[in-house]
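Participant: Have a peek at target-v7.txt (compact mmCIF, C-alpha atoms and all ligand atoms).
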# COMPACT_ATOMS: atom_id res chain seq x y z
CA MET A 9 -15.39 -19.72 7.09
CA ARG A 10 -15.89 -16.35 5.44
CA SER A 11 -13.69 -15.77 2.41
CA LEU A 12 -11.14 -13.01 2.44
CA VAL A 13 -9.88 -12.11 -1.01
CA PHE A 14 -6.36 -10.79 -1.64
CA SER A 15 -4.71 -9.97 -4.91
CA ALA A 16 -2.00 -7.70 -6.23
CA VAL A 17 -0.75 -6.23 -9.48
CA GLN A 18 2.77 -5.01 -10.14
CA PRO A 19 3.27 -1.40 -11.19
CA THR A 20 5.43 -2.15 -14.20
CA GLY A 21 4.10 -0.40 -17.29
CA VAL A 22 0.63 0.06 -18.72
CA LEU A 23 -1.92 -2.58 -17.80
CA HIS A 24 -3.10 -4.73 -20.67
CA LEU A 25 -6.06 -6.87 -21.64
CA GLY A 26 -4.53 -9.95 -19.95
CA ASN A 27 -4.33 -8.11 -16.64
CA TYR A 28 -7.89 -6.89 -17.09
CA LEU A 29 -9.56 -10.15 -18.11
CA GLY A 30 -7.31 -12.42 -16.04
CA ALA A 31 -7.38 -10.35 -12.87
CA LEU A 32 -9.02 -6.92 -12.58
CA LYS A 33 -12.40 -7.89 -13.99
CA GLN A 34 -12.58 -10.74 -11.50
CA PHE A 35 -11.68 -8.38 -8.67
CA ALA A 36 -14.63 -6.20 -9.56
CA GLN A 37 -16.98 -9.20 -9.52
CA LEU A 38 -15.65 -10.63 -6.26
CA GLN A 39 -15.98 -7.39 -4.33
CA SER A 40 -19.76 -7.56 -4.24
CA LEU A 41 -19.63 -10.87 -2.34
CA HIS A 42 -16.47 -10.79 -0.23
CA ASP A 43 -14.15 -8.59 1.78
CA CYS A 44 -11.21 -7.79 -0.46
CA LEU A 45 -7.68 -6.44 -0.29
CA PHE A 46 -6.31 -5.03 -3.54
CA CYS A 47 -2.61 -4.36 -3.39
CA ILE A 48 -0.11 -2.69 -5.70
CA ALA A 49 2.98 -4.88 -5.55
CA ASP A 50 5.69 -2.23 -5.81
CA LEU A 51 8.26 -4.33 -3.94
CA HIS A 52 7.77 -7.06 -6.52
CA ALA A 53 8.33 -4.49 -9.28
CA MET A 54 11.86 -3.96 -7.95
CA THR A 55 12.88 -7.57 -8.52
CA ALA A 56 13.69 -6.95 -12.20
CA PRO A 57 15.43 -3.90 -13.70
CA TYR A 58 13.10 -0.88 -13.44
CA ASP A 59 13.18 2.89 -13.71
CA LYS A 60 13.13 4.47 -10.26
CA ASN A 61 11.91 7.75 -11.74
CA ARG A 62 8.77 6.07 -13.02
CA LEU A 63 7.85 3.72 -10.19
CA ALA A 64 5.68 6.22 -8.29
CA ASP A 65 3.70 7.15 -11.41
CA GLU A 66 3.27 3.54 -12.41
CA THR A 67 1.97 2.85 -8.91
CA ARG A 68 -0.61 5.63 -9.40
CA MET A 69 -1.45 4.11 -12.78
CA VAL A 70 -2.42 0.80 -11.16
CA ALA A 71 -4.44 2.63 -8.51
CA ALA A 72 -6.24 4.55 -11.28
CA ALA A 73 -6.91 1.31 -13.17
CA PHE A 74 -8.29 -0.34 -10.03
CA LEU A 75 -10.73 2.53 -9.58
CA ALA A 76 -11.58 2.62 -13.28
CA CYS A 77 -12.56 -1.05 -13.08
CA GLY A 78 -14.98 -0.13 -10.32
CA LEU A 79 -13.10 -1.32 -7.24
CA ASP A 80 -14.57 0.38 -4.19
CA PRO A 81 -11.89 1.83 -1.89
CA LYS A 82 -14.37 2.49 0.92
CA ARG A 83 -15.70 -1.01 1.33
CA HIS A 84 -12.42 -2.69 0.44
CA LEU A 85 -8.73 -1.87 0.79
CA ILE A 86 -6.60 -0.45 -2.00
CA PHE A 87 -3.01 0.12 -0.95
CA CYS A 88 0.63 -0.14 -1.80
CA GLN A 89 2.69 -3.11 -0.62
CA SER A 90 5.71 -1.06 0.47
CA ALA A 91 3.51 1.07 2.73
CA VAL A 92 2.67 -1.89 4.96
CA GLY A 93 5.86 -3.06 6.62
CA ALA A 94 4.28 -6.36 7.70
CA HIS A 95 4.61 -7.76 4.16
CA ALA A 96 8.41 -7.54 4.12
CA GLU A 97 8.74 -8.58 7.77
CA LEU A 98 6.57 -11.63 7.32
CA ALA A 99 8.44 -12.45 4.10
CA TRP A 100 11.63 -12.76 6.14
CA ILE A 101 10.01 -15.13 8.60
CA LEU A 102 8.57 -17.18 5.74
CA ASN A 103 11.96 -17.23 3.97
CA CYS A 104 12.99 -19.41 6.87
CA SER A 105 10.12 -21.84 6.24
CA ALA A 106 10.38 -21.94 2.44
CA ARG A 107 12.90 -24.46 1.06
CA MET A 108 15.46 -23.75 -1.64
CA GLY A 109 14.29 -26.84 -3.52
CA TRP A 110 10.75 -25.44 -3.76
CA LEU A 111 11.95 -22.13 -5.17
CA GLU A 112 14.24 -23.90 -7.63
CA ARG A 113 11.16 -25.30 -9.33
CA MET A 114 9.50 -21.96 -10.03
CA THR A 115 9.10 -21.65 -13.78
CA GLN A 116 8.65 -17.89 -13.69
CA PHE A 117 12.06 -17.46 -12.06
CA LYS A 118 13.63 -19.66 -14.71
CA GLU A 119 11.96 -17.66 -17.48
CA LYS A 120 12.79 -14.26 -16.04
CA ALA A 121 16.34 -15.11 -15.03
CA GLY A 122 16.99 -16.72 -18.41
CA LYS A 123 20.55 -17.79 -19.05
CA SER A 124 22.09 -15.35 -16.62
CA ARG A 125 20.78 -17.02 -13.48
CA GLU A 126 23.88 -16.05 -11.51
CA ARG A 127 23.15 -12.42 -12.21
CA ALA A 128 19.47 -12.47 -11.26
CA SER A 129 18.69 -10.58 -8.05
CA VAL A 130 18.07 -12.44 -4.82
CA GLY A 131 14.79 -10.52 -4.82
CA LEU A 132 13.71 -12.23 -8.04
CA TYR A 133 14.45 -15.59 -6.48
CA ALA A 134 12.60 -14.83 -3.25
CA TYR A 135 9.69 -13.16 -5.08
CA PRO A 136 7.23 -16.02 -4.50
CA VAL A 137 7.92 -15.94 -0.76
CA LEU A 138 7.06 -12.24 -0.62
CA MET A 139 3.92 -13.13 -2.53
CA ALA A 140 3.02 -15.74 0.09
CA ALA A 141 3.65 -13.12 2.79
CA ASP A 142 1.33 -10.64 1.02
CA ILE A 143 -1.49 -13.13 1.26
CA LEU A 144 -0.79 -14.67 4.66
CA ALA A 145 -0.23 -11.27 6.33
CA TYR A 146 -4.04 -11.01 6.31
CA ARG A 147 -4.84 -14.71 6.45
CA ALA A 148 -6.54 -14.25 3.10
CA THR A 149 -8.23 -17.36 1.72
CA HIS A 150 -8.94 -16.63 -1.95
CA VAL A 151 -6.57 -15.18 -4.51
CA PRO A 152 -7.88 -14.22 -7.95
CA VAL A 153 -5.03 -14.38 -10.46
CA GLY A 154 -4.23 -15.31 -14.04
CA GLU A 155 -3.01 -18.80 -14.89
CA ASP A 156 0.66 -17.72 -14.78
CA GLN A 157 0.47 -17.25 -11.00
CA ARG A 158 -0.94 -20.68 -10.18
CA GLN A 159 2.44 -22.19 -9.34
CA HIS A 160 3.22 -19.33 -6.96
CA LEU A 161 -0.05 -20.01 -5.18
CA GLU A 162 0.85 -23.66 -4.79
CA LEU A 163 4.10 -22.54 -3.21
CA ALA A 164 2.22 -20.20 -0.84
CA ARG A 165 0.17 -23.20 0.27
CA ASP A 166 3.33 -25.27 0.81
CA ILE A 167 4.84 -22.50 2.90
CA ALA A 168 1.67 -22.10 4.98
CA ARG A 169 1.46 -25.86 5.47
CA LYS A 170 5.06 -26.10 6.63
CA PHE A 171 4.70 -23.13 8.94
CA ASN A 172 1.57 -24.68 10.48
CA ALA A 173 3.36 -28.01 10.95
CA ASP A 174 6.52 -26.46 12.45
CA PHE A 175 5.02 -23.75 14.62
CA ALA A 176 1.34 -24.49 15.19
CA ASN A 177 1.15 -28.24 15.81
CA GLY A 178 -0.39 -28.68 12.40
CA GLU A 179 -3.29 -26.37 13.20
CA SER A 180 -4.48 -23.85 10.70
CA PHE A 181 -2.47 -20.87 11.96
CA PHE A 182 -2.38 -19.72 8.34
CA PRO A 183 -5.29 -20.93 6.19
CA LEU A 184 -4.10 -22.46 2.92
CA PRO A 185 -4.92 -19.84 0.25
CA ARG A 186 -6.61 -20.90 -2.95
CA ALA A 187 -5.97 -19.54 -6.42
CA CYS A 188 -9.13 -18.45 -8.23
CA VAL A 189 -8.30 -18.74 -11.90
CA MET A 190 -11.31 -18.13 -14.06
CA GLY A 191 -12.63 -18.53 -17.52
CA SER A 192 -11.47 -18.40 -21.07
CA ALA A 193 -9.16 -15.43 -20.48
CA ALA A 194 -7.05 -16.78 -17.62
CA ARG A 195 -4.14 -16.86 -20.05
CA VAL A 196 -4.40 -14.21 -22.73
CA MET A 197 -1.72 -14.71 -25.36
CA SER A 198 0.30 -12.22 -27.40
CA LEU A 199 -1.46 -10.97 -30.55
CA LYS A 200 1.77 -11.46 -32.47
CA ASP A 201 2.92 -14.82 -31.14
CA ALA A 202 0.22 -16.98 -29.61
CA SER A 203 2.79 -19.24 -27.96
CA ARG A 204 3.71 -16.42 -25.53
CA LYS A 205 1.48 -14.76 -22.98
CA MET A 206 0.43 -11.16 -23.45
CA SER A 207 2.87 -9.25 -21.30
CA LYS A 208 3.84 -5.73 -20.28
CA SER A 209 7.45 -6.56 -20.95
CA ASP A 210 7.01 -7.61 -24.60
CA LEU A 211 8.99 -5.13 -26.71
CA SER A 212 6.23 -4.87 -29.32
CA PRO A 213 3.16 -2.83 -28.29
CA MET A 214 1.35 -4.54 -31.20
CA SER A 215 1.43 -7.73 -29.12
CA ARG A 216 -0.99 -6.36 -26.54
CA ILE A 217 -4.09 -4.21 -26.09
CA GLU A 218 -3.40 -1.66 -23.38
CA LEU A 219 -6.14 -0.23 -21.19
CA THR A 220 -5.16 3.22 -22.42
CA ASP A 221 -5.42 2.34 -26.13
CA GLY A 222 -7.79 4.42 -28.26
CA ASP A 223 -10.37 2.94 -30.66
CA GLU A 224 -8.02 3.18 -33.61
CA ALA A 225 -5.14 1.46 -31.87
CA ILE A 226 -7.47 -1.34 -30.78
CA ALA A 227 -8.73 -1.82 -34.34
CA ARG A 228 -5.23 -1.76 -35.80
CA LYS A 229 -3.82 -4.25 -33.31
CA ILE A 230 -6.65 -6.74 -33.74
CA GLN A 231 -6.63 -6.40 -37.54
CA ARG A 232 -2.93 -7.17 -37.58
CA ALA A 233 -3.14 -9.99 -35.03
CA THR A 234 -1.65 -13.23 -36.33
CA THR A 235 -4.14 -15.81 -37.63
CA ASP A 236 -4.06 -19.04 -39.61
CA PRO A 237 -5.61 -19.78 -43.02
CA ALA A 238 -8.34 -22.29 -42.02
CA PRO A 239 -12.00 -21.37 -41.32
CA LEU A 240 -13.00 -21.16 -37.65
CA PRO A 241 -14.09 -24.45 -36.07
CA ASP A 242 -17.38 -24.92 -34.25
CA ASN A 243 -16.09 -26.93 -31.30
CA GLU A 244 -13.39 -26.56 -28.66
CA ALA A 245 -11.54 -29.78 -29.46
CA ALA A 246 -10.73 -28.45 -32.92
CA LEU A 247 -8.92 -25.46 -31.38
CA LYS A 248 -6.21 -27.73 -30.03
CA ASN A 249 -3.46 -26.93 -32.52
CA ARG A 250 -4.72 -23.49 -33.40
CA PRO A 251 -3.32 -21.17 -30.75
CA GLU A 252 -4.16 -17.94 -32.61
CA ALA A 253 -7.78 -18.95 -33.14
CA ARG A 254 -8.05 -20.16 -29.57
CA ASN A 255 -6.71 -16.88 -28.22
CA LEU A 256 -9.02 -14.61 -30.23
CA ILE A 257 -12.06 -16.79 -29.60
CA GLY A 258 -11.23 -16.93 -25.89
CA LEU A 259 -11.11 -13.15 -25.84
CA LEU A 260 -14.41 -12.81 -27.62
CA ALA A 261 -16.03 -15.34 -25.27
CA ALA A 262 -14.73 -13.50 -22.20
CA LEU A 263 -15.86 -10.13 -23.51
CA SER A 264 -19.29 -11.49 -24.42
CA SER A 265 -19.62 -13.29 -21.04
CA GLU A 266 -20.17 -16.55 -22.90
CA GLU A 267 -18.74 -20.03 -22.65
CA THR A 268 -16.20 -20.71 -25.41
CA GLU A 269 -18.50 -23.42 -26.81
CA ALA A 270 -21.34 -20.92 -27.17
CA THR A 271 -19.11 -18.44 -29.00
CA LEU A 272 -17.86 -21.20 -31.28
CA SER A 273 -21.33 -22.37 -32.18
CA ARG A 274 -22.19 -18.77 -33.12
CA ILE A 275 -19.14 -18.00 -35.24
CA GLY A 276 -17.84 -21.46 -36.25
CA GLY A 277 -17.50 -22.00 -40.00
CA GLY A 278 -16.87 -18.29 -40.62
CA GLY A 279 -13.54 -16.59 -41.21
CA PHE A 280 -11.24 -14.58 -38.99
CA SER A 281 -12.47 -11.31 -40.48
CA ASP A 282 -15.93 -11.61 -38.89
CA LEU A 283 -14.40 -12.73 -35.60
CA LYS A 284 -12.03 -9.77 -35.67
CA ALA A 285 -14.79 -7.29 -36.51
CA GLU A 286 -16.88 -8.44 -33.56
CA LEU A 287 -13.86 -8.52 -31.28
CA ILE A 288 -12.89 -4.97 -32.22
CA ALA A 289 -16.38 -3.68 -31.49
CA ARG A 290 -16.52 -5.47 -28.13
CA LEU A 291 -13.07 -4.29 -27.12
CA GLN A 292 -13.75 -0.72 -28.09
CA SER A 293 -16.90 -0.56 -26.04
CA GLU A 294 -15.32 -2.28 -23.03
CA ILE A 295 -12.07 -0.31 -23.01
CA ALA A 296 -13.30 3.21 -23.86
CA PRO A 297 -14.90 3.82 -20.44
CA LEU A 298 -11.85 2.36 -18.68
CA ARG A 299 -9.51 4.57 -20.69
CA ARG A 300 -11.53 7.67 -19.82
CA ALA A 301 -11.82 6.79 -16.15
CA ILE A 302 -8.08 6.10 -15.90
CA ALA A 303 -7.28 9.49 -17.47
CA GLU A 304 -9.67 11.27 -15.09
CA ARG A 305 -8.11 9.61 -12.06
CA LEU A 306 -4.57 10.31 -13.22
CA ALA A 307 -5.45 13.99 -13.59
CA HIS A 308 -5.73 14.12 -9.77
CA PRO A 309 -2.64 12.36 -8.42
CA GLU A 310 -3.11 13.95 -5.00
CA GLN A 311 -6.46 12.18 -4.65
CA LEU A 312 -4.88 8.87 -5.59
CA ASP A 313 -2.11 9.42 -3.05
CA ALA A 314 -4.65 10.24 -0.32
CA LEU A 315 -6.64 7.13 -1.15
CA LEU A 316 -3.52 4.94 -0.99
CA LYS A 317 -2.54 6.51 2.33
CA ASP A 318 -5.93 5.70 3.80
CA GLY A 319 -5.77 2.15 2.41
CA ALA A 320 -2.30 1.62 3.87
CA GLU A 321 -3.41 2.74 7.33
CA ARG A 322 -6.30 0.34 7.30
CA ALA A 323 -4.13 -2.49 5.92
CA ARG A 324 -1.48 -1.90 8.61
CA ALA A 325 -4.13 -2.19 11.30
CA LYS A 326 -5.27 -5.54 9.88
CA ALA A 327 -1.79 -7.00 9.41
CA ARG A 328 -0.24 -5.86 12.70
CA PRO A 329 -1.91 -8.35 15.09
CA ILE A 330 -1.29 -11.26 12.70
CA LEU A 331 2.39 -10.36 12.44
CA GLU A 332 2.65 -10.15 16.25
CA GLU A 333 1.03 -13.55 16.61
CA THR A 334 3.41 -14.93 13.99
CA LYS A 335 6.44 -13.54 15.80
CA GLU A 336 5.22 -15.11 18.99
CA ALA A 337 4.59 -18.43 17.26
CA VAL A 338 8.20 -18.60 16.02
CA GLY A 339 9.55 -17.72 19.46
CA LEU A 340 10.73 -14.14 18.94
CA LEU A 341 10.80 -12.00 22.08
CA LEU A 342 8.29 -9.19 21.62
CA PRO A 343 8.95 -5.81 23.24
CA ARG A 344 6.39 -5.37 26.05
P1 LIG A 401 1.31 -8.60 -13.28
O1 LIG A 401 1.16 -7.58 -14.33
O2 LIG A 401 2.34 -9.61 -13.62
O3 LIG A 401 1.45 -8.03 -11.92
O4 LIG A 401 -0.05 -9.41 -13.27
C1 LIG A 401 -1.22 -8.95 -12.63
C2 LIG A 401 -2.33 -9.96 -12.78
O5 LIG A 401 -2.67 -10.12 -14.16
C3 LIG A 401 -1.95 -11.36 -12.27
O6 LIG A 401 -3.08 -11.93 -11.64
C4 LIG A 401 -1.61 -12.11 -13.52
O7 LIG A 401 -1.82 -13.50 -13.39
C5 LIG A 401 -2.59 -11.50 -14.51
N1 LIG A 401 -2.06 -11.60 -15.87
C6 LIG A 401 -0.90 -11.08 -16.34
N2 LIG A 401 -0.72 -11.38 -17.64
C7 LIG A 401 -1.81 -12.12 -18.01
C8 LIG A 401 -2.24 -12.72 -19.25
N3 LIG A 401 -1.51 -12.62 -20.35
N4 LIG A 401 -3.41 -13.40 -19.24
C9 LIG A 401 -4.17 -13.50 -18.12
N5 LIG A 401 -3.84 -12.95 -16.94
C10 LIG A 401 -2.67 -12.26 -16.87
N1 LIG A 402 3.22 -11.76 -8.62
C1 LIG A 402 1.92 -11.29 -9.04
C2 LIG A 402 1.96 -11.00 -10.55
O1 LIG A 402 2.94 -10.68 -11.10
C3 LIG A 402 1.54 -10.06 -8.29
C4 LIG A 402 1.40 -10.35 -6.84
C5 LIG A 402 2.22 -9.97 -5.85
C6 LIG A 402 0.35 -11.11 -6.24
N2 LIG A 402 1.75 -10.43 -4.63
C7 LIG A 402 0.63 -11.13 -4.84
C8 LIG A 402 -0.78 -11.74 -6.75
C9 LIG A 402 -0.21 -11.81 -3.95
C10 LIG A 402 -1.62 -12.41 -5.85
C11 LIG A 402 -1.33 -12.44 -4.46
O2 LIG A 402 0.96 -11.08 -11.16
Here is a file; write its structure as structure tokens.
Ligand code: AMP
Ligand code: TRP

Facilitator:
Amino acid sequence: MRSLVFSAVQPTGVLHLGNYLGALKQFAQLQSLHDCLFCIADLHAMTAPYDKNRLADETRMVAAAFLACGLDPKRHLIFCQSAVGAHAELAWILNCSARMGWLERMTQFKEKAGKSRERASVGLYAYPVLMAADILAYRATHVPVGEDQRQHLELARDIARKFNADFANGESFFPLPRACVMGSAARVMSLKDASRKMSKSDLSPMSRIELTDGDEAIARKIQRATTDPAPLPDNEAALKNRPEARNLIGLLAALSSEETEATLSRIGGGGFSDLKAELIARLQSEIAPLRRAIAERLAHPEQLDALLKDGAERARAKARPILEETKEAVGLLLPR
């Protein structure tokens, strides 16, 4: 079967190095081999407190970043989740297949809801079901994501499996989507606290490299990144209890398109200062063109809007027949 790739990014703040290495860079590689759908998950962005006056611009920011990373909107689809009604409609149908017990286990919900679970939105709870709907609305088979989304992908498979069992005699009405989690940068950690992932929602901008950072900001953030006092090891096993070293070496390996072992054998025995110097140079040369391309795209919001409109029309045409078939499968009376 031919692979169909789907992924999405939430428009919640400036994209960072984790988003780029964990997701966007993979998207750009996959698009030369597969048909792809690249979605901006604005409905997901509403599940936590957000600023309604910024949502549209942050949506354009993700579209600009997609284009800056080289995603091709002619050969593939770039569109906004809320513009394709099938996502939310299918999510409702899948809410009726998903089980409370499955959602209860989602670690991201637990983390995001924190202590005030009772006050979390129903949207935050149902978030992984909407995510399953995003993917299954196109019968997509491969989903490039960072490590943090793996559990949600497992849930999407459980939902698809249950739907197939209940409504399709166990046949593959929905293919079971696979997570594609790749390489040494599938979980990029905070530069300030290597026990936490790099995140848009971290209060300290020093914890992350943003795709709009200038050369100086990149240098400053890496120079101040937390380290430990020991020299760098020359093998992966020795990174076990050294989260800061592992993070920075993982970044350097990803940016040099090397295996971690190869990077370690090159720089092992040295100190963090050499590692940081090389990392700064690599980051500056990788991010500068992205930063410029993002700024150029954002200077023409009307072009971004037109591109998203075209993407949404094409996405609607793909999702519509699958949604109809789904409605039929669950026994809903279709208007004829
Ligand atoms: P989000 O910003 O949460 O919408 O994430 C968009 C994509 O970036 C998803 O595929 C995430 O798994 C990925 N991602 C987010 N943070 C990180 C990180 N710190 N390391 C690697 N991938 C990440
Ligand atoms: N929840 C994902 C994230 O925060 C974004 C997302 C929404 C997604 N729908 C998706 C990712 C479908 C992959 C497939 O990173």

Participant: Around all the atoms of ligand LIG 402 (chain A) listed in the file, with 5 Å of room on each side, what axis-aligned box do you get, giving centre and edge lengths in Å to one decimal, as AutoDock Vina command-line options?

Facilitator:
--center_x 0.8 --center_y -11.2 --center_z -7.6 --size_x 14.8 --size_y 12.5 --size_z 17.2

Participant: Which residues, protein or nucleic acid, reach to within 12 Å of (-12.9, 2.2, -10.7) in the file's coordinates when using all atoms listed in the file, and can you give that as a short mmCIF file (atom, residue, chain, number, x, y, z; two decimals) with C-alpha atoms, in the coordinates of the input?

Facilitator:
data_model
loop_
_atom_site.label_atom_id
_atom_site.label_comp_id
_atom_site.auth_asym_id
_atom_site.auth_seq_id
_atom_site.Cartn_x
_atom_site.Cartn_y
_atom_site.Cartn_z
CA LEU A 32 -9.02 -6.92 -12.58
CA LYS A 33 -12.40 -7.89 -13.99
CA PHE A 35 -11.68 -8.38 -8.67
CA ALA A 36 -14.63 -6.20 -9.56
CA GLN A 39 -15.98 -7.39 -4.33
CA MET A 69 -1.45 4.11 -12.78
CA VAL A 70 -2.42 0.80 -11.16
CA ALA A 71 -4.44 2.63 -8.51
CA ALA A 72 -6.24 4.55 -11.28
CA ALA A 73 -6.91 1.31 -13.17
CA PHE A 74 -8.29 -0.34 -10.03
CA LEU A 75 -10.73 2.53 -9.58
CA ALA A 76 -11.58 2.62 -13.28
CA CYS A 77 -12.56 -1.05 -13.08
CA GLY A 78 -14.98 -0.13 -10.32
CA LEU A 79 -13.10 -1.32 -7.24
CA ASP A 80 -14.57 0.38 -4.19
CA PRO A 81 -11.89 1.83 -1.89
CA LYS A 82 -14.37 2.49 0.92
CA ILE A 86 -6.60 -0.45 -2.00
CA PRO A 297 -14.90 3.82 -20.44
CA LEU A 298 -11.85 2.36 -18.68
CA ARG A 299 -9.51 4.57 -20.69
CA ARG A 300 -11.53 7.67 -19.82
CA ALA A 301 -11.82 6.79 -16.15
CA ILE A 302 -8.08 6.10 -15.90
CA ALA A 303 -7.28 9.49 -17.47
CA GLU A 304 -9.67 11.27 -15.09
CA ARG A 305 -8.11 9.61 -12.06
CA LEU A 306 -4.57 10.31 -13.22
CA LEU A 312 -4.88 8.87 -5.59
#

Participant: So, with all atoms listed in the file as the atoms that count, which of A:Met139, A:Lys284, A:Ala261, A:Ala53 lies closest to A:Ile230?

Facilitator: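 So, comparing all the options, the nearest one is A:Lys284.
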
Participant: To one decimal place in Å, what is the distance between atom CA of A:Gly279 and atom CA of A:Asp242?

Facilitator: 11.5 Å

Participant: Could you tell me which of A:Pro241, A:Pro57, A:Gly258, A:Pro183 comes closest to ligand LIG 401 (chain A) if we count all atoms listed in the file?

Facilitator: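 The answer is A:Gly258, which sits nearest to ligand LIG 401 (chain A).
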
Participant: Could you list, as a ChimeraX atom specification, every residue within 10 Å of stretch 202-216 of chain A, counting only C-alpha atoms and ignoring same-chain residues fewer than 2 positions away?

Facilitator: /A:20-27,156,195-200,218-219,221,225-226,228-230,232-235,250-256

Participant: Distance atom CA of A:Arg165-atom CA of A:Ser180, one decimal place?

Facilitator: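 Result for atom CA of A:Arg165 versus atom CA of A:Ser180: 11.4 Å, one decimal.
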
Participant: Using all atoms listed in the file, which of A:Val92, A:Val130, A:Leu29, A:Ala164 sits nearest ligand LIG 402 (chain A)?

Facilitator: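 Using all atoms listed in the file, the shortest distance to ligand LIG 402 (chain A) belongs to A:Ala164.
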
Participant: Considering only C-alpha atoms, state which residue in the set A:Leu98, A:Leu316, A:Leu38, A:Cys104 is at the smallest distance from A:Lys170.

Facilitator: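 When distances to A:Lys170 are compared using only C-alpha atoms, the smallest one comes from A:Cys104.
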
Participant: Assuming the input is short of atoms at stretch 137-142 of chain A, produce all heavy atoms for that part as a short mmCIF file (atom, residue, chain, number, x, y, z; two decimals), in the frame of the given file.

Facilitator:
data_model
loop_
_atom_site.label_atom_id
_atom_site.label_comp_id
_atom_site.auth_asym_id
_atom_site.auth_seq_id
_atom_site.Cartn_x
_atom_site.Cartn_y
_atom_site.Cartn_z
N VAL A 137 8.09 -15.93 -2.22
CA VAL A 137 7.92 -15.94 -0.76
C VAL A 137 7.28 -14.63 -0.31
O VAL A 137 6.39 -14.61 0.56
CB VAL A 137 9.27 -16.16 -0.03
CG1 VAL A 137 9.03 -16.29 1.47
CG2 VAL A 137 9.98 -17.39 -0.57
N LEU A 138 7.71 -13.54 -0.93
CA LEU A 138 7.06 -12.24 -0.62
C LEU A 138 5.59 -12.31 -1.01
O LEU A 138 4.72 -11.78 -0.31
CB LEU A 138 7.78 -11.11 -1.38
CG LEU A 138 7.18 -9.72 -1.22
CD1 LEU A 138 7.15 -9.28 0.25
CD2 LEU A 138 7.98 -8.69 -2.05
N MET A 139 5.32 -12.99 -2.10
CA MET A 139 3.92 -13.13 -2.53
C MET A 139 3.11 -13.92 -1.50
O MET A 139 1.97 -13.55 -1.18
CB MET A 139 3.94 -13.83 -3.89
CG MET A 139 2.69 -13.62 -4.67
SD MET A 139 2.92 -14.21 -6.36
CE MET A 139 1.28 -14.85 -6.59
N ALA A 140 3.71 -14.97 -0.96
CA ALA A 140 3.02 -15.74 0.09
C ALA A 140 2.78 -14.84 1.30
O ALA A 140 1.70 -14.86 1.91
CB ALA A 140 3.87 -16.95 0.49
N ALA A 141 3.79 -14.01 1.63
CA ALA A 141 3.65 -13.12 2.79
C ALA A 141 2.52 -12.10 2.56
O ALA A 141 1.74 -11.81 3.48
CB ALA A 141 4.97 -12.38 3.04
N ASP A 142 2.41 -11.60 1.33
CA ASP A 142 1.33 -10.64 1.02
C ASP A 142 -0.02 -11.23 1.43
O ASP A 142 -0.86 -10.55 2.02
CB ASP A 142 1.27 -10.37 -0.50
CG ASP A 142 2.49 -9.66 -1.04
OD1 ASP A 142 3.22 -9.01 -0.26
OD2 ASP A 142 2.73 -9.76 -2.27
#
